[in-house]
file model17.cif (mmCIF, C-alpha atoms)
data_final
loop_
_atom_site.group_PDB
_atom_site.id
_atom_site.type_symbol
_atom_site.label_atom_id
_atom_site.label_comp_id
_atom_site.auth_asym_id
_atom_site.auth_seq_id
_atom_site.Cartn_x
_atom_site.Cartn_y
_atom_site.Cartn_z
ATOM 1 C CA MET Z 973 -28.156 55.493 59.090
ATOM 2 C CA MET Z 974 -25.828 58.443 58.534
ATOM 3 C CA LEU Z 975 -26.582 58.612 54.821
ATOM 4 C CA LEU Z 976 -30.178 59.516 55.555
ATOM 5 C CA GLU Z 977 -29.279 62.328 57.923
ATOM 6 C CA ALA Z 978 -29.716 65.994 57.027
ATOM 7 C CA GLY Z 979 -29.251 66.701 53.310
ATOM 8 C CA TYR Z 980 -28.871 63.120 52.177
ATOM 9 C CA ILE Z 981 -32.482 62.409 53.077
ATOM 10 C CA ALA Z 982 -33.351 64.412 49.974
ATOM 11 C CA LEU Z 983 -31.558 61.832 47.841
ATOM 12 C CA ALA Z 984 -33.376 58.904 49.378
ATOM 13 C CA THR Z 985 -36.709 60.747 49.018
ATOM 14 C CA ARG Z 986 -36.058 61.718 45.432
ATOM 15 C CA TYR Z 987 -34.824 58.284 44.393
ATOM 16 C CA PRO Z 988 -36.791 55.832 46.542
ATOM 17 C CA SER Z 989 -36.293 53.110 43.962
ATOM 18 C CA ALA Z 990 -32.492 53.419 44.017
ATOM 19 C CA PRO Z 991 -31.562 50.584 46.328
ATOM 20 C CA THR Z 992 -28.451 50.340 48.429
ATOM 21 C CA VAL Z 993 -26.301 47.465 47.299
ATOM 22 C CA TRP Z 994 -24.037 45.176 49.292
ATOM 23 C CA TRP Z 995 -20.643 44.883 47.688
ATOM 24 C CA SER Z 996 -17.936 42.428 48.491
ATOM 25 C CA ASN Z 997 -15.870 42.865 45.333
ATOM 26 C CA PRO Z 998 -13.931 45.969 44.335
ATOM 27 C CA ILE Z 999 -15.817 48.537 42.265
ATOM 28 C CA ASP Z 1000 -13.685 49.333 39.240
ATOM 29 C CA LEU Z 1001 -13.668 53.119 38.826
ATOM 30 C CA GLN Z 1002 -11.353 52.835 35.856
ATOM 31 C CA SER Z 1003 -13.995 51.147 33.718
ATOM 32 C CA ALA Z 1004 -16.119 54.300 33.943
ATOM 33 C CA GLN Z 1005 -13.217 56.312 32.599
ATOM 34 C CA ARG Z 1006 -12.639 53.875 29.785
ATOM 35 C CA ALA Z 1007 -16.261 54.461 28.716
ATOM 36 C CA TRP Z 1008 -15.729 58.206 28.746
ATOM 37 C CA ASP Z 1009 -15.862 59.644 25.234
ATOM 38 C CA GLY Z 1010 -14.874 63.121 26.341
ATOM 39 C CA HIS Z 1011 -18.370 64.572 26.195
ATOM 40 C CA GLU Z 1012 -20.857 62.369 27.979
ATOM 41 C CA PHE Z 1013 -18.973 61.362 31.102
ATOM 42 C CA THR Z 1014 -21.237 61.766 34.128
ATOM 43 C CA PRO Z 1015 -19.310 60.564 37.130
ATOM 44 C CA THR Z 1016 -21.177 58.294 39.488
ATOM 45 C CA THR Z 1017 -20.992 59.028 43.213
ATOM 46 C CA TYR Z 1018 -20.869 56.183 45.705
ATOM 47 C CA PHE Z 1019 -22.198 56.842 49.210
ATOM 48 C CA ILE Z 1020 -21.011 54.426 51.864
ATOM 49 C CA VAL Z 1021 -23.982 53.305 53.942
ATOM 50 C CA GLY Z 1022 -22.554 50.403 55.934
ATOM 51 C CA GLY Z 1023 -19.241 48.682 56.470
ATOM 52 C CA VAL Z 1024 -15.795 50.005 55.669
ATOM 53 C CA ALA Z 1025 -14.230 50.571 52.253
ATOM 54 C CA CYS Z 1026 -11.062 52.083 50.854
ATOM 55 C CA ARG Z 1027 -10.194 53.895 47.683
ATOM 56 C CA VAL Z 1028 -7.269 51.860 46.417
ATOM 57 C CA ARG Z 1029 -4.771 52.343 43.620
ATOM 58 C CA LEU Z 1030 -3.789 49.073 41.954
ATOM 59 C CA LEU Z 1031 -0.088 48.708 41.215
ATOM 60 C CA PRO Z 1032 1.912 46.255 39.077
ATOM 61 C CA HIS Z 1033 2.682 42.730 40.380
ATOM 62 C CA GLY Z 1034 -0.500 42.527 42.475
ATOM 63 C CA HIS Z 1035 0.519 45.363 44.808
ATOM 64 C CA ARG Z 1036 -1.943 48.027 45.896
ATOM 65 C CA GLN Z 1037 -1.937 51.248 47.871
ATOM 66 C CA VAL Z 1038 -4.814 52.489 49.998
ATOM 67 C CA VAL Z 1039 -5.257 56.217 49.374
ATOM 68 C CA GLU Z 1040 -8.450 56.953 51.296
ATOM 69 C CA LEU Z 1041 -10.539 55.327 53.997
ATOM 70 C CA LEU Z 1042 -14.303 55.423 53.416
ATOM 71 C CA LEU Z 1043 -16.714 55.050 56.327
ATOM 72 C CA PRO Z 1044 -20.519 55.265 56.548
ATOM 73 C CA GLY Z 1045 -21.557 58.808 55.622
ATOM 74 C CA ASP Z 1046 -18.578 59.298 53.271
ATOM 75 C CA ASN Z 1047 -18.839 59.429 49.534
ATOM 76 C CA THR Z 1048 -16.451 59.090 46.660
ATOM 77 C CA SER Z 1049 -16.946 59.932 43.041
ATOM 78 C CA GLU Z 1050 -15.442 58.855 39.761
ATOM 79 C CA ASP Z 1051 -14.535 62.540 39.603
ATOM 80 C CA HIS Z 1052 -12.044 61.935 42.422
ATOM 81 C CA ILE Z 1053 -9.727 59.868 40.247
ATOM 82 C CA ASP Z 1054 -7.196 60.933 37.692
ATOM 83 C CA ILE Z 1055 -7.131 59.710 34.140
ATOM 84 C CA GLY Z 1056 -4.826 56.723 33.924
ATOM 85 C CA SER Z 1057 -4.827 55.898 37.623
ATOM 86 C CA ASN Z 1058 -5.948 52.352 38.205
ATOM 87 C CA MET Z 1059 -8.338 53.010 41.065
ATOM 88 C CA VAL Z 1060 -10.977 50.837 42.723
ATOM 89 C CA ILE Z 1061 -13.234 51.108 45.736
ATOM 90 C CA ALA Z 1062 -12.303 48.049 47.761
ATOM 91 C CA PRO Z 1063 -14.713 46.963 50.485
ATOM 92 C CA LEU Z 1064 -12.986 45.623 53.588
ATOM 93 C CA GLY Z 1065 -15.406 42.820 54.236
ATOM 94 C CA ARG Z 1066 -18.949 43.524 53.099
ATOM 95 C CA CYS Z 1067 -19.873 47.105 52.393
ATOM 96 C CA GLU Z 1068 -23.219 48.739 51.647
ATOM 97 C CA VAL Z 1069 -23.128 51.384 48.927
ATOM 98 C CA PHE Z 1070 -25.745 53.798 47.554
ATOM 99 C CA LYS Z 1071 -24.866 54.629 43.965
ATOM 100 C CA VAL Z 1072 -26.101 57.844 42.321
ATOM 101 C CA ALA Z 1073 -25.390 58.898 38.741
ATOM 102 C CA GLY Z 1074 -23.807 62.329 38.386
ATOM 103 C CA VAL Z 1075 -26.741 63.767 36.456
ATOM 104 C CA ASP Z 1076 -29.195 62.605 39.110
ATOM 105 C CA LEU Z 1077 -27.038 63.987 41.908
ATOM 106 C CA SER Z 1078 -26.752 67.379 40.195
ATOM 107 C CA GLU Z 1079 -30.492 67.483 39.674
ATOM 108 C CA ALA Z 1080 -31.185 66.525 43.291
ATOM 109 C CA ALA Z 1081 -28.697 69.132 44.534
ATOM 110 C CA ASP Z 1082 -30.394 71.791 42.378
ATOM 111 C CA HIS Z 1083 -33.629 71.087 44.219
ATOM 112 C CA SER Z 1084 -32.282 70.725 47.741
ATOM 113 C CA LYS Z 1085 -30.274 73.348 49.576
ATOM 114 C CA SER Z 1086 -29.675 70.980 52.479
ATOM 115 C CA LEU Z 1087 -28.240 68.364 50.107
ATOM 116 C CA ARG Z 1088 -25.920 70.955 48.562
ATOM 117 C CA LEU Z 1089 -24.761 72.013 52.008
ATOM 118 C CA GLN Z 1090 -24.245 68.403 53.039
ATOM 119 C CA LEU Z 1091 -22.223 67.602 49.912
ATOM 120 C CA ASN Z 1092 -20.070 70.709 50.386
ATOM 121 C CA LYS Z 1093 -19.529 69.820 54.022
ATOM 122 C CA ALA Z 1094 -18.563 66.253 53.098
ATOM 123 C CA GLU Z 1095 -16.045 67.539 50.543
ATOM 124 C CA ARG Z 1096 -14.512 70.022 53.029
ATOM 125 C CA ARG Z 1097 -14.223 67.255 55.615
ATOM 126 C CA ARG Z 1098 -12.634 64.925 53.101
ATOM 127 C CA ARG Z 1099 -9.976 67.524 52.314
ATOM 128 C CA ALA Z 1100 -9.437 68.259 56.012
ATOM 129 C CA ILE Z 1101 -8.882 64.547 56.723
ATOM 130 C CA LEU Z 1102 -6.317 64.314 53.927
ATOM 131 C CA ASP Z 1103 -4.587 67.494 55.210
ATOM 132 C CA GLU Z 1104 -4.452 66.080 58.725
ATOM 133 C CA ARG Z 1105 -3.000 62.841 57.385
ATOM 134 C CA LEU Z 1106 -0.256 64.717 55.526
ATOM 135 C CA PHE Z 1107 0.478 66.823 58.613
ATOM 136 C CA GLY Z 1108 0.775 63.654 60.711
ATOM 137 C CA LEU Z 1109 3.177 62.052 58.235
ATOM 138 C CA GLY Z 1110 5.570 64.941 58.673
ATOM 139 C CA THR Z 1111 5.281 65.582 62.388
ATOM 140 C CA ARG Z 1112 4.082 62.575 64.400
ATOM 141 C CA SER Z 1113 5.912 59.429 65.477
ATOM 142 C CA ALA Z 1114 4.496 56.111 64.300
ATOM 143 C CA ARG Z 1115 2.844 55.370 67.652
ATOM 144 C CA ILE Z 1116 1.218 58.804 67.889
ATOM 145 C CA ARG Z 1117 0.159 58.589 64.257
ATOM 146 C CA MET Z 1118 -1.546 55.249 64.900
ATOM 147 C CA ALA Z 1119 -3.215 56.507 68.094
ATOM 148 C CA HIS Z 1120 -4.426 59.550 66.137
ATOM 149 C CA PHE Z 1121 -5.778 57.299 63.394
ATOM 150 C CA TYR Z 1122 -7.805 55.286 65.926
ATOM 151 C CA CYS Z 1123 -9.145 58.453 67.591
ATOM 152 C CA GLU Z 1124 -10.196 59.740 64.168
ATOM 153 C CA LEU Z 1125 -11.733 56.379 63.227
ATOM 154 C CA LEU Z 1126 -13.869 56.326 66.392
ATOM 155 C CA ALA Z 1127 -14.895 59.964 65.921
ATOM 156 C CA ARG Z 1128 -15.872 59.382 62.291
ATOM 157 C CA CYS Z 1129 -17.917 56.342 63.339
ATOM 158 C CA GLY Z 1130 -19.638 58.450 66.021
ATOM 159 C CA GLU Z 1131 -18.302 56.121 68.728
ATOM 160 C CA HIS Z 1132 -16.307 58.691 70.684
ATOM 161 C CA LYS Z 1133 -18.868 59.948 73.175
ATOM 162 C CA SER Z 1134 -18.078 57.659 76.085
ATOM 163 C CA LEU Z 1135 -14.880 56.877 77.969
ATOM 164 C CA ALA Z 1136 -14.629 53.370 76.532
ATOM 165 C CA ALA Z 1137 -15.190 53.256 72.789
ATOM 166 C CA SER Z 1138 -15.227 50.543 70.146
ATOM 167 C CA CYS Z 1139 -15.783 50.026 66.428
ATOM 168 C CA ASP Z 1140 -15.068 47.522 63.670
ATOM 169 C CA HIS Z 1141 -11.421 46.993 62.755
ATOM 170 C CA PRO Z 1142 -11.267 45.176 59.413
ATOM 171 C CA PHE Z 1143 -7.750 46.378 58.569
ATOM 172 C CA THR Z 1144 -4.764 44.206 57.715
ATOM 173 C CA TYR Z 1145 -1.215 45.318 58.510
ATOM 174 C CA PRO Z 1146 -0.639 46.428 54.884
ATOM 175 C CA ASP Z 1147 -3.879 48.496 55.050
ATOM 176 C CA LEU Z 1148 -2.722 50.175 58.272
ATOM 177 C CA GLY Z 1149 0.736 50.697 56.814
ATOM 178 C CA ASP Z 1150 -0.707 52.405 53.727
ATOM 179 C CA MET Z 1151 -2.910 54.731 55.755
ATOM 180 C CA LEU Z 1152 -0.156 55.633 58.212
ATOM 181 C CA GLY Z 1153 2.789 55.814 55.826
ATOM 182 C CA LEU Z 1154 4.521 52.817 57.435
ATOM 183 C CA SER Z 1155 5.746 49.480 56.169
ATOM 184 C CA ALA Z 1156 3.373 46.595 56.964
ATOM 185 C CA VAL Z 1157 5.841 44.988 59.366
ATOM 186 C CA PHE Z 1158 6.418 48.227 61.256
ATOM 187 C CA ALA Z 1159 2.655 48.827 61.408
ATOM 188 C CA SER Z 1160 2.386 45.402 63.069
ATOM 189 C CA ARG Z 1161 5.134 46.328 65.572
ATOM 190 C CA THR Z 1162 3.576 49.726 66.321
ATOM 191 C CA LEU Z 1163 0.162 48.140 66.865
ATOM 192 C CA SER Z 1164 1.714 45.576 69.181
ATOM 193 C CA LEU Z 1165 3.392 48.331 71.246
ATOM 194 C CA LEU Z 1166 0.103 50.258 71.514
ATOM 195 C CA ARG Z 1167 -1.702 47.106 72.615
ATOM 196 C CA SER Z 1168 0.921 46.220 75.199
ATOM 197 C CA SER Z 1169 0.654 49.742 76.645
ATOM 198 C CA GLY Z 1170 -3.011 48.939 77.389
ATOM 199 C CA SER Z 1171 -4.306 51.822 75.241
ATOM 200 C CA ILE Z 1172 -6.196 49.657 72.780
ATOM 201 C CA ASP Z 1173 -7.341 46.121 72.235
ATOM 202 C CA ILE Z 1174 -8.348 44.333 69.044
ATOM 203 C CA VAL Z 1175 -10.330 41.124 69.390
ATOM 204 C CA ASN Z 1176 -12.227 39.350 66.600
ATOM 205 C CA GLY Z 1177 -11.983 42.325 64.233
ATOM 206 C CA ARG Z 1178 -13.233 44.796 66.829
ATOM 207 C CA LEU Z 1179 -11.208 47.730 68.167
ATOM 208 C CA THR Z 1180 -11.726 48.712 71.815
ATOM 209 C CA VAL Z 1181 -10.256 51.813 73.407
ATOM 210 C CA HIS Z 1182 -10.509 51.636 77.182
ATOM 211 C CA ASN Z 1183 -9.915 55.330 77.853
ATOM 212 C CA TYR Z 1184 -10.718 57.459 74.822
ATOM 213 C CA GLU Z 1185 -9.770 60.731 76.553
ATOM 214 C CA ALA Z 1186 -6.327 59.371 77.468
ATOM 215 C CA LEU Z 1187 -5.754 58.134 73.908
ATOM 216 C CA LYS Z 1188 -6.823 61.553 72.565
ATOM 217 C CA GLN Z 1189 -4.305 63.242 74.809
ATOM 218 C CA PHE Z 1190 -1.503 60.873 73.777
ATOM 219 C CA ALA Z 1191 -2.398 61.312 70.098
ATOM 220 C CA THR Z 1192 -2.776 65.117 70.335
ATOM 221 C CA PHE Z 1193 -6.122 64.573 68.642
ATOM 222 C CA GLU Z 1194 -8.510 67.514 68.231
ATOM 223 C CA ASP Z 1195 -11.650 66.724 66.280
ATOM 224 C CA ALA Z 1196 -12.366 70.264 65.016
ATOM 225 C CA TYR Z 1197 -11.259 69.347 61.480
ATOM 226 C CA LEU Z 1198 -13.978 66.687 61.294
ATOM 227 C CA ARG Z 1199 -16.856 69.095 61.913
ATOM 228 C CA MET G 1254 -0.064 31.794 49.958
ATOM 229 C CA PRO G 1255 2.309 30.844 52.751
ATOM 230 C CA ARG G 1256 2.239 32.772 56.028
ATOM 231 C CA PHE G 1257 5.389 34.391 57.335
ATOM 232 C CA TYR G 1258 5.985 35.815 60.795
ATOM 233 C CA ILE G 1259 8.334 38.794 61.024
ATOM 234 C CA ASP G 1260 9.696 39.600 64.495
ATOM 235 C CA THR G 1261 11.313 42.983 65.152
ATOM 236 C CA SER G 1262 13.803 44.298 67.702
ATOM 237 C CA ASP G 1263 15.480 47.652 68.319
ATOM 238 C CA GLU G 1264 17.505 46.366 71.323
ATOM 239 C CA ARG G 1265 14.989 47.885 73.747
ATOM 240 C CA ALA G 1266 11.691 46.424 72.588
ATOM 241 C CA TYR G 1267 11.294 42.986 71.016
ATOM 242 C CA HIS G 1268 8.056 42.247 69.171
ATOM 243 C CA ARG G 1269 7.227 38.640 68.369
ATOM 244 C CA ASP G 1270 4.794 38.584 65.454
ATOM 245 C CA GLN G 1271 1.847 36.399 66.469
ATOM 246 C CA GLN G 1272 -0.412 37.063 63.492
ATOM 247 C CA GLY G 1273 1.895 36.871 60.498
ATOM 248 C CA MET G 1274 1.291 37.948 56.930
ATOM 249 C CA GLU G 1275 0.452 36.022 53.809
ATOM 250 C CA LEU G 1276 3.170 36.656 51.257
ATOM 251 C CA PRO G 1277 3.887 34.966 47.917
ATOM 252 C CA ASP G 1278 7.350 33.629 48.750
ATOM 253 C CA VAL G 1279 10.535 34.011 50.811
ATOM 254 C CA GLN G 1280 11.736 36.835 48.549
ATOM 255 C CA ALA G 1281 8.595 38.876 49.371
ATOM 256 C CA ALA G 1282 9.086 38.133 53.080
ATOM 257 C CA LYS G 1283 12.697 39.283 52.791
ATOM 258 C CA GLU G 1284 11.591 42.533 51.132
ATOM 259 C CA ALA G 1285 9.001 43.144 53.873
ATOM 260 C CA ALA G 1286 11.625 42.487 56.570
ATOM 261 C CA VAL G 1287 14.127 44.881 55.004
ATOM 262 C CA ASP G 1288 11.433 47.493 54.332
ATOM 263 C CA ALA G 1289 10.659 47.725 58.065
ATOM 264 C CA LEU G 1290 14.221 48.594 59.135
ATOM 265 C CA PRO G 1291 14.356 52.275 58.034
ATOM 266 C CA ASP G 1292 10.943 52.851 59.664
ATOM 267 C CA MET G 1293 12.255 51.397 62.930
ATOM 268 C CA ALA G 1294 15.388 53.549 62.830
ATOM 269 C CA ARG G 1295 13.466 56.711 61.989
ATOM 270 C CA ASP G 1296 11.020 56.157 64.808
ATOM 271 C CA VAL G 1297 13.610 56.029 67.627
ATOM 272 C CA LEU G 1298 15.753 58.966 66.505
ATOM 273 C CA PRO G 1299 17.244 60.933 68.131
ATOM 274 C CA ASP G 1300 17.759 58.491 70.975
ATOM 275 C CA GLY G 1301 21.385 57.493 71.388
ATOM 276 C CA ASP G 1302 24.218 57.253 68.909
ATOM 277 C CA HIS G 1303 24.407 53.489 68.552
ATOM 278 C CA ARG G 1304 21.552 51.148 67.898
ATOM 279 C CA MET G 1305 20.998 47.851 66.094
ATOM 280 C CA PHE G 1306 17.668 47.117 64.406
ATOM 281 C CA LEU G 1307 16.727 43.549 63.594
ATOM 282 C CA THR G 1308 13.973 41.732 61.752
ATOM 283 C CA ILE G 1309 13.703 37.956 61.787
ATOM 284 C CA VAL G 1310 11.530 36.094 59.296
ATOM 285 C CA ARG G 1311 9.943 32.870 60.515
ATOM 286 C CA GLY G 1312 8.017 30.342 58.458
ATOM 287 C CA GLU G 1313 4.669 28.699 59.129
ATOM 288 C CA ASP G 1314 6.301 26.170 61.472
ATOM 289 C CA GLY G 1315 7.785 29.047 63.506
ATOM 290 C CA GLY G 1316 11.353 28.236 62.466
ATOM 291 C CA PRO G 1317 13.662 31.136 61.510
ATOM 292 C CA ILE G 1318 14.320 31.628 57.788
ATOM 293 C CA LEU G 1319 16.371 34.795 57.606
ATOM 294 C CA GLN G 1320 17.504 37.804 59.576
ATOM 295 C CA ALA G 1321 18.008 41.389 58.378
ATOM 296 C CA SER G 1322 19.707 44.129 60.369
ATOM 297 C CA LEU G 1323 20.478 47.815 60.208
ATOM 298 C CA ALA G 1324 23.140 49.436 62.398
ATOM 299 C CA LEU G 1325 22.940 53.066 63.442
ATOM 300 C CA ASN G 1326 26.253 54.659 64.431
ATOM 301 C CA VAL G 1327 26.780 58.369 64.950
ATOM 302 C CA VAL G 1328 30.433 59.440 65.270
ATOM 303 C CA SER G 1329 31.484 63.008 65.954
ATOM 304 C CA LEU G 1330 34.086 64.302 63.461
ATOM 305 C CA ILE G 1331 35.119 67.294 65.536
ATOM 306 C CA PRO G 1332 36.991 67.136 68.878
ATOM 307 C CA THR G 1333 34.770 67.461 71.924
ATOM 308 C CA SER G 1334 35.731 69.895 74.730
ATOM 309 C CA ARG G 1335 37.119 67.032 76.878
ATOM 310 C CA GLU G 1336 39.586 65.823 74.199
#
call {"tool": "encode", "arguments": {"input": "model17.cif", "output": "C-alpha cells"}}
result
Amino acid sequence: MMLLEAGYIALATRYPSAPTVWWSNPIDLQSAQRAWDGHEFTPTTYFIVGGVACRVRLLPHGHRQVVELLLPGDNTSEDHIDIGSNMVIAPLGRCEVFKVAGVDLSEAADHSKSLRLQLNKAERRRRAILDERLFGLGTRSARIRMAHFYCELLARCGEHKSLAASCDHPFTYPDLGDMLGLSAVFASRTLSLLRSSGSIDIVNGRLTVHNYEALKQFATFEDAYLR
Amino acid sequence: MPRFYIDTSDERAYHRDQQGMELPDVQAAKEAAVDALPDMARDVLPDGDHRMFLTIVRGEDGGPILQASLALNVVSLIPTSRE
C-alpha cells in the first residue's frame, strides 16, 4: 500500500484508529468551505489509498470538468480549492480514502521528518504533473498526448517496470477529454486510433500496453518529473 | 439517458463509434458532434490545404440522426512563381 510507504507510515502509526474509508459518492469539498468562519478552518487532507478518483469542478446544467487525477499515494486537501469553486473529489468506481484533519496532519508532520519530506515530495510531484499537462496541451498532438497520459498513468501506478504493462482504466470519454484538453468525441476517436495501431488495448475496464518502451518513445515520455 | 453514437471522419481515417455516450437529448448529441470538429481540424494541420471533417450522430438503433461538417480550405492570395 503506497500510503504506508516512507513518511506516510508515521501517519498510520500516529493515528491507528483513523480508518480508511471506501467512498463511492463524491466528497463535497465546498461544504468544508461553507463551514469556514474565517478563523477556525482546518483543511482536511484526503489520501488516496485504493482505486482512482478525480478532483472535479461542478458546472451549471449538470456539466463537470475534471481538473486533477488522483491515484493511490496521491493526496488532495481542502486547501487546494479556491473560495467559490464548486469542487468535489469524485471516485471513479469505488475508491479508498484516508482522511486526516489539518490540525492532526500538522502535528504529525511536526513530529516526523520523513512525513514532512514525503508531503513536500508529493506536492512537488503534483505541481510537476500539472506543469507537464500544460506543456502537453501546447505542444503535443492529441494522439501523443493520450499516449503520454497512459505512460504517466502506468508509471504513477508503479506498473511500468516490464515490457507489457497494465492497470485499471475507469475513465469515460468525457473524463479522458477533460484530462487531455479534447472534446469527448475526439477523445473517443483518438483512443480508437491508438487501439487500432496496436499500441494499447482496453478490455473490461483494464488498460494493457503491449510494448511500454515503444509507447514511451512515441509519447516522448520521460518520467524524471514524477520522481 | 439515451445513448448516442458519434462517428468521425477526416477523409483519411473513419472511426465508427462502437461504445457511444449517454447524453440527455439530440441537442446535446448535436453539441458534442460539433464540438469535435475543431479538435479534428487542429490535429491534422498542417497537412494539405483542403480537407473535410465530418461527424455523424446515430441513435440507439444505429440509424443516423444528423451530420455536422467542417471544411478546411487554404487559398493563396499572392501569385505563385509559376503563375
call {"tool": "interface_residues", "arguments": {"input": "model17.cif", "of": "chain G", "to": "chain Z", "cutoff": "12 Å", "atoms": "all atoms listed in the file", "output": "VMD selection string"}}
result
chain G and resid 1257 to 1263 1265 to 1277 1281 to 1299 1306 to 1310
call {"tool": "resolve_selection", "arguments": {"input": "model17.cif", "expression": "the PyMOL selection byres ((chain G and resi 1324) around 9)", "output": "ChimeraX atom specification"}}
result
/G:1294,1303-1307,1322-1323,1325-1326
call {"tool": "atom_distance", "arguments": {"input": "model17.cif", "atom1": "atom CA of Lys1188 of chain Z", "atom2": "atom CA of Ser1169 of chain Z"}}
result
14.6 Å
call {"tool": "axis_aligned_box", "arguments": {"input": "model17.cif", "around": "segment 1064-1082 of chain Z", "padding_each_side": "4 Å", "output": "JSON"}}
result
{"center_x": -22.1, "center_y": 57.3, "center_z": 45.3, "size_x": 26.2, "size_y": 37.0, "size_z": 25.8}
call {"tool": "atom_distance", "arguments": {"input": "model17.cif", "atom1": "atom CA of Asp1076 of chain Z", "atom2": "atom CA of Glu1050 of chain Z"}}
result
14.3 Å
call {"tool": "atom_distance", "arguments": {"input": "model17.cif", "atom1": "atom CA of Val1060 of chain Z", "atom2": "atom CA of Leu1148 of chain Z"}}
result
17.6 Å
call {"tool": "resolve_selection", "arguments": {"input": "model17.cif", "expression": "the PyMOL selection byres ((chain Z and resi 1046) around 7)", "output": "list in words"}}
result
Phe1019, Ile1020, Leu1042, Leu1043, Pro1044, Gly1045, Asn1047, Thr1048 and Ala1094 of chain Z
call {"tool": "closest_residue", "arguments": {"input": "model17.cif", "among": "Z:Val1038, Z:Ala1080, Z:Glu1068, Z:Tyr1184", "to": "Leu1152 of chain Z", "atoms": "all atoms listed in the file"}}
result
Z:Val1038
call {"tool": "resolve_selection", "arguments": {"input": "model17.cif", "expression": "the PyMOL selection byres ((chain Z and resi 1121) around 10)", "output": "number ranges by chain"}}
result
Z: 1105, 1108, 1115-1120, 1122-1127, 1148, 1151-1152, 1191, 1193
call {"tool": "closest_residue", "arguments": {"input": "model17.cif", "among": "Z:Val1028, Z:Gln1037, Z:Leu1091, Z:Asp1082", "to": "Ala1062 of chain Z", "atoms": "only C-alpha atoms"}}
result
Z:Val1028
